[in-house]
Every structure is written in structure tokens, then in C-alpha cells.
file query.csv (CSV, C-alpha atoms)
chain,number,residue,atom,x,y,z
A,19,MET,CA,106.8,118.3,127.4
A,20,PHE,CA,110.1,118.7,125.6
A,21,LEU,CA,111.8,121.9,124.4
A,22,ILE,CA,113.5,122.2,121.1
A,23,ARG,CA,115.5,125.0,119.6
A,24,LYS,CA,114.9,126.3,116.1
A,25,ASN,CA,116.4,129.5,114.6
A,26,ASN,CA,117.6,130.5,118.1
A,27,LEU,CA,114.0,130.5,119.3
A,28,ARG,CA,112.5,128.1,121.9
A,29,TYR,CA,109.4,126.2,121.1
A,30,MET,CA,107.3,123.7,123.0
A,31,LYS,CA,107.2,120.3,121.4
A,32,LEU,CA,104.2,118.0,121.8
A,33,ASN,CA,104.0,115.2,124.3
A,34,PRO,CA,104.2,111.9,122.3
A,35,ILE,CA,101.8,110.0,124.6
A,36,PHE,CA,99.2,112.8,124.3
A,37,PHE,CA,99.6,112.8,120.5
A,38,LEU,CA,98.8,109.0,120.3
A,39,ALA,CA,95.7,109.5,122.4
A,40,THR,CA,94.7,112.4,120.0
A,41,PHE,CA,95.3,110.2,117.0
A,42,PHE,CA,93.0,107.5,118.1
A,43,LEU,CA,90.3,110.0,119.1
A,44,LEU,CA,90.3,111.3,115.5
A,45,PHE,CA,88.4,108.3,114.3
A,46,ASN,CA,85.6,109.1,116.8
A,47,PHE,CA,85.2,112.6,115.5
A,48,ASN,CA,81.4,113.2,115.2
A,49,SER,CA,80.7,116.9,115.6
A,50,ASN,CA,77.5,118.2,114.1
A,51,SER,CA,78.4,121.9,114.7
A,52,SER,CA,79.0,124.0,111.6
A,53,GLU,CA,81.1,126.4,113.6
A,54,ASN,CA,84.7,125.5,114.4
A,55,ARG,CA,85.0,126.1,118.1
A,56,ALA,CA,88.7,125.2,117.9
A,57,VAL,CA,89.5,128.4,116.0
A,58,LEU,CA,89.0,132.0,117.3
A,59,THR,CA,89.0,134.6,114.5
A,60,VAL,CA,89.6,138.2,115.2
A,61,GLY,CA,89.3,140.9,112.5
A,62,SER,CA,87.8,141.5,109.1
A,63,GLU,CA,87.2,138.6,106.7
A,64,ASN,CA,88.2,141.1,103.9
A,65,ALA,CA,91.6,141.8,105.4
A,66,LYS,CA,94.5,141.4,103.0
A,67,VAL,CA,96.6,139.5,105.5
A,68,THR,CA,95.7,136.4,107.5
A,69,VAL,CA,97.8,135.4,110.5
A,70,LYS,CA,97.3,131.9,111.7
A,71,VAL,CA,98.8,130.9,115.1
A,72,PHE,CA,98.8,127.3,116.1
A,73,SER,CA,99.4,127.3,119.8
A,74,SER,CA,99.0,125.4,123.1
A,75,LEU,CA,97.6,127.3,126.0
A,76,THR,CA,100.2,125.8,128.3
A,77,CYS,CA,103.1,126.8,126.1
A,78,PRO,CA,105.1,129.7,127.6
A,79,HIS,CA,106.4,130.7,124.2
A,80,CYS,CA,102.9,130.9,122.8
A,81,ALA,CA,102.0,133.1,125.8
A,82,ASN,CA,105.0,135.3,125.0
A,83,PHE,CA,104.0,135.7,121.4
A,84,HIS,CA,100.4,136.5,122.3
A,85,ILE,CA,101.3,139.1,125.0
A,86,LYS,CA,104.2,140.8,123.3
A,87,ILE,CA,103.2,140.6,119.6
A,88,PHE,CA,99.5,139.9,119.2
A,89,GLN,CA,98.4,142.7,121.5
A,90,LYS,CA,100.3,145.3,119.4
A,91,LEU,CA,99.3,143.6,116.1
A,92,LYS,CA,95.7,144.0,117.1
A,93,ILE,CA,96.0,147.7,117.7
A,94,ASP,CA,98.1,148.5,114.6
A,95,PHE,CA,96.5,146.1,112.0
A,96,VAL,CA,93.6,144.0,113.2
A,97,ASP,CA,91.5,146.8,114.6
A,98,LYS,CA,92.1,148.7,111.3
A,99,ASN,CA,90.8,145.8,109.2
A,100,LYS,CA,94.2,145.1,107.6
A,101,VAL,CA,94.9,141.8,109.3
A,102,LYS,CA,92.7,138.9,110.3
A,103,TYR,CA,94.1,136.9,113.2
A,104,GLU,CA,93.3,133.3,113.9
A,105,HIS,CA,94.0,131.4,117.1
A,106,HIS,CA,94.1,127.6,116.2
A,107,ALA,CA,93.9,125.2,119.1
A,108,PHE,CA,96.9,122.9,119.2
A,109,PRO,CA,96.9,121.5,122.7
A,110,LEU,CA,100.0,119.6,123.7
A,111,ASP,CA,98.8,118.2,127.0
A,112,LEU,CA,95.6,117.6,129.0
A,113,ALA,CA,95.7,121.0,130.8
A,114,ALA,CA,95.9,122.8,127.5
A,115,LEU,CA,93.0,120.7,126.1
A,116,ASN,CA,90.8,121.5,129.0
A,117,ALA,CA,91.6,125.2,128.8
A,118,GLU,CA,90.7,125.1,125.1
A,119,LYS,CA,87.4,123.4,125.9
A,120,VAL,CA,86.2,126.1,128.3
A,121,LEU,CA,87.5,128.7,125.8
A,122,GLY,CA,85.4,127.0,123.2
A,123,CYS,CA,82.3,127.2,125.4
A,124,VAL,CA,82.4,131.0,125.5
A,125,GLU,CA,79.8,132.0,122.8
A,126,ASN,CA,80.7,135.7,122.5
A,127,ASP,CA,83.9,136.3,120.5
A,128,GLU,CA,84.8,139.4,122.4
A,129,LYS,CA,84.6,137.6,125.7
A,130,LYS,CA,86.4,134.7,124.2
A,131,LEU,CA,89.3,136.9,123.1
A,132,LYS,CA,89.4,138.5,126.6
A,133,LEU,CA,89.5,135.0,128.1
A,134,LEU,CA,92.3,134.0,125.8
A,135,ASN,CA,94.3,137.1,126.8
A,136,GLU,CA,93.8,136.3,130.5
A,137,LEU,CA,94.7,132.6,130.1
A,138,TYR,CA,98.0,133.6,128.5
A,139,LYS,CA,98.7,136.5,130.9
A,140,ASN,CA,98.1,134.3,133.9
A,141,GLN,CA,99.5,131.0,132.5
A,142,ASP,CA,101.9,130.6,135.4
A,143,SER,CA,99.1,130.6,137.9
A,144,TRP,CA,97.0,127.8,136.4
A,145,ALA,CA,99.0,125.6,133.9
A,146,ARG,CA,100.8,123.6,136.6
A,147,GLY,CA,99.4,121.6,139.5
A,148,SER,CA,99.6,118.5,141.5
A,149,ASP,CA,97.1,116.8,139.2
A,150,ILE,CA,94.6,117.7,136.5
A,151,ASN,CA,91.8,118.3,138.9
A,152,SER,CA,93.7,121.0,140.7
A,153,ILE,CA,94.6,122.5,137.3
A,154,ASN,CA,90.9,122.4,136.3
A,155,GLN,CA,89.9,124.3,139.5
A,156,LYS,CA,92.5,127.0,138.7
A,157,ILE,CA,91.1,127.3,135.2
A,158,PHE,CA,87.5,127.6,136.6
A,159,LYS,CA,88.6,130.5,138.9
A,160,ILE,CA,89.5,132.4,135.7
A,161,THR,CA,86.6,131.3,133.5
A,162,ASN,CA,84.0,132.1,136.2
A,163,ASN,CA,84.4,135.8,135.2
A,164,TYR,CA,83.3,135.0,131.6
A,165,GLY,CA,79.8,133.6,132.1
A,166,LEU,CA,80.9,130.0,132.9
A,167,ASN,CA,80.1,128.9,136.5
A,168,ASN,CA,81.5,125.6,137.8
A,169,ASP,CA,78.5,123.6,136.4
A,170,LYS,CA,79.0,125.0,132.9
A,171,ASN,CA,82.7,124.5,133.1
A,172,LYS,CA,82.2,120.8,134.0
A,173,ARG,CA,79.8,120.4,131.2
A,174,CYS,CA,82.4,121.9,128.8
A,175,LEU,CA,85.0,119.4,130.1
A,176,ASN,CA,82.6,116.5,129.5
A,177,ASP,CA,81.6,117.7,126.0
A,178,GLN,CA,82.9,114.9,123.8
A,179,ASP,CA,81.9,116.7,120.6
A,180,LEU,CA,83.9,119.8,121.6
A,181,GLU,CA,86.9,117.7,122.6
A,182,ASP,CA,86.9,115.8,119.3
A,183,GLU,CA,86.5,119.1,117.4
A,184,ILE,CA,89.6,120.5,119.1
A,185,LEU,CA,91.7,117.4,118.6
A,186,ASN,CA,90.5,117.0,115.0
A,187,GLU,CA,91.6,120.6,114.4
A,188,ARG,CA,95.1,119.7,115.7
A,189,ILE,CA,95.5,116.6,113.7
A,190,ASN,CA,94.4,118.2,110.5
A,191,ALA,CA,96.8,121.1,111.2
A,192,SER,CA,99.6,118.6,111.7
A,193,LYS,CA,98.8,116.9,108.4
A,194,LYS,CA,98.4,120.1,106.4
A,195,TYR,CA,101.1,122.3,107.9
A,196,SER,CA,103.5,119.6,109.3
A,197,ILE,CA,103.4,121.3,112.7
A,198,GLU,CA,105.8,119.8,115.2
A,199,ALA,CA,106.0,122.5,117.9
A,200,THR,CA,104.2,125.5,119.2
A,201,PRO,CA,103.9,128.3,118.4
A,202,THR,CA,103.8,127.8,114.6
A,203,ILE,CA,102.8,130.9,112.8
A,204,PHE,CA,101.7,131.5,109.2
A,205,ILE,CA,101.2,134.8,107.4
A,206,ASN,CA,99.1,134.3,104.3
A,207,GLU,CA,99.9,130.6,104.4
A,208,LYS,CA,103.6,131.2,104.5
A,209,LYS,CA,105.4,130.0,107.6
A,210,TYR,CA,106.9,132.7,109.6
A,211,SER,CA,110.4,131.8,110.8
A,212,GLY,CA,111.6,135.2,112.0
A,213,GLN,CA,112.4,136.5,115.4
A,214,HIS,CA,109.6,136.6,118.0
A,215,ASN,CA,109.7,140.4,118.5
A,216,TYR,CA,107.1,142.9,117.3
A,217,GLU,CA,109.3,144.9,115.0
A,218,ASP,CA,110.5,141.9,113.0
A,219,PHE,CA,106.9,140.5,112.9
A,220,LYS,CA,105.6,143.9,111.8
A,221,LYS,CA,108.1,144.0,108.9
A,222,ALA,CA,106.8,140.6,107.8
A,223,ILE,CA,103.2,141.8,107.8
A,224,LEU,CA,104.0,145.0,105.9
A,225,LYS,CA,105.4,143.0,103.0
A,226,TYR,CA,101.8,141.9,102.2
A,227,LEU,CA,100.2,145.3,102.6

call {"tool": "encode", "arguments": {"input": "query.csv", "output": "C-alpha cells"}}
result
Amino acid sequence: MFLIRKNNLRYMKLNPIFFLATFFLLFNFNSNSSENRAVLTVGSENAKVTVKVFSSLTCPHCANFHIKIFQKLKIDFVDKNKVKYEHHAFPLDLAALNAEKVLGCVENDEKKLKLLNELYKNQDSWARGSDINSINQKIFKITNNYGLNNDKNKRCLNDQDLEDEILNERINASKKYSIEATPTIFINEKKYSGQHNYEDFKKAILKYL
């Protein structure tokens, strides 16, 4: 991974080798599911404001945004049906991809959100390891509490349709929104380039309400 600096904020930039693997996988995309498991939506479909966050689960800046901004946003706006929040999978490495896979296997949206919260909160405990197998085992220890035993977790990791779905989401997002780093955030399709603190983000939300 590489870190780049934009507007005095730090972002995580995608791994170019991982990107090339993703590009080639796009041509094998063959999901028959009508539900996009690469996107977690929280809030009312009738909300006046939609916040889209394209993030990688191994990105510390994405975790910082989710913990320090999303949690307050949910209480003040999402739970009051004023804002719809969308987590869009944008994995930058294999560890993030595998975490997204098991997240996508959780069928209940409430549990899925709780798992997303925990993956970000405990990112330091699982996102690094000697190899991908050790990272997977750390992920499993977390997801075991969300209805996914080790066998289910392994089936998720071997689910090619789910993998293609996640990678296809990322490539389409790159094309449509020109995403180069995470987190990239849009408020009603307008890119948010302000500071990553809640008060500034709240002001940006209020402009649309």
C-alpha cells in the first residue's frame, strides 16, 4: 500500500498489483444475484441525502471515518430517516477483499452493520499478519460471533460469484467516480473534500436538508 496526501488528509492508495488482478477478474463476472452484496445500505430509501463511502476494510483512514463520523451521523441523521448511508466495497488488498467477502455473507443487515463496526473498530488486531492465512483466522474469530462458523467462513472465501461481485463493484466505481484512494465520500453524488471531522461533515450534510 501507498499513502498519498490530499487537502491535508491522508488516504490509502490502492495496490497496483492487486488492481491488475481485479481488472482481469472483471471479465469473469458472472453473478446471478439481484442483490448487490458489495454495498451495505443503512437508512431510509426516501431520505433527502445519500452518503456513499467507498472504502477498504484495511484502510486506517476509512476506519477513522467510520468510527468518528459515521457513528454520530447514524444517530443524528440516519436513524431519523434524513440520511441514507451506503458502504461500498473498495478493497485495496487481499485481506480487505476477504473481510468484504465474509461481510457479504451475513444476510441480516443489522448484523452486517454490527460486523462492519467491529471490523473497523478492531482493524489493528486482524488486518496485519505473517500471511493471508493468519489474517483469515483473525477475521474468523470476529465473524464467528455473527452466525458464521469456520466452515461458513471458508465457503464465503471460496465463493467466486461473491468475489467477482465485490471486484466488479470496485471497478465500476473507479470508472464512474474516478476513485484513486480510500476513503472517497460522496454526498448526493457530489464528492466531499472537506476535513474528516464530524462538525465539518455535519455542515456539509445540512446544506442538503

call {"tool": "residues_around", "arguments": {"input": "query.csv", "residues": "stretch 204-212 of chain A", "least_positions_apart": "5", "cutoff": "6 Å", "atoms": "all atoms listed in the file", "output": "list in words"}}
result
Val67, Thr68, Val69 and Lys70 of chain A

call {"tool": "closest_residue", "arguments": {"input": "query.csv", "among": "A:Leu115, A:Cys174, A:Leu185, A:Leu121", "to": "A:Ile153", "atoms": "all atoms listed in the file"}}
result
A:Leu115

call {"tool": "residues_around", "arguments": {"input": "query.csv", "residues": "A:Asn99", "least_positions_apart": "2", "cutoff": "9 Å", "atoms": "all atoms listed in the file", "output": "PDB file with C-alpha atoms, in the frame of the given file"}}
result
ATOM      1  CA  GLY A  61      89.300 140.900 112.500  1.00  0.00           C
ATOM      2  CA  SER A  62      87.800 141.500 109.100  1.00  0.00           C
ATOM      3  CA  GLU A  63      87.200 138.600 106.700  1.00  0.00           C
ATOM      4  CA  ASN A  64      88.200 141.100 103.900  1.00  0.00           C
ATOM      5  CA  ALA A  65      91.600 141.800 105.400  1.00  0.00           C
ATOM      6  CA  LYS A  66      94.500 141.400 103.000  1.00  0.00           C
ATOM      7  CA  PHE A  95      96.500 146.100 112.000  1.00  0.00           C
ATOM      8  CA  VAL A  96      93.600 144.000 113.200  1.00  0.00           C
ATOM      9  CA  ASP A  97      91.500 146.800 114.600  1.00  0.00           C
ATOM     10  CA  VAL A 101      94.900 141.800 109.300  1.00  0.00           C
ATOM     11  CA  LYS A 102      92.700 138.900 110.300  1.00  0.00           C
TER      12      LYS A 102
END

call {"tool": "atom_distance", "arguments": {"input": "query.csv", "atom1": "atom CA of A:Lys90", "atom2": "atom CA of A:Ser143"}}
result
23.7 Å

call {"tool": "residues_near_point", "arguments": {"input": "query.csv", "point": "(101.2, 121.9, 108.8)", "cutoff": "12 Å", "atoms": "only C-alpha atoms", "output": "MDAnalysis selection string"}}
result
chainID A and resid 70:72 106 108 187:204 207:209

call {"tool": "residues_around", "arguments": {"input": "query.csv", "residues": "A:Ser74", "least_positions_apart": "4", "cutoff": "6 Å", "atoms": "all atoms listed in the file", "output": "PyMOL selection string"}}
result
chain A and resi 108-110+114
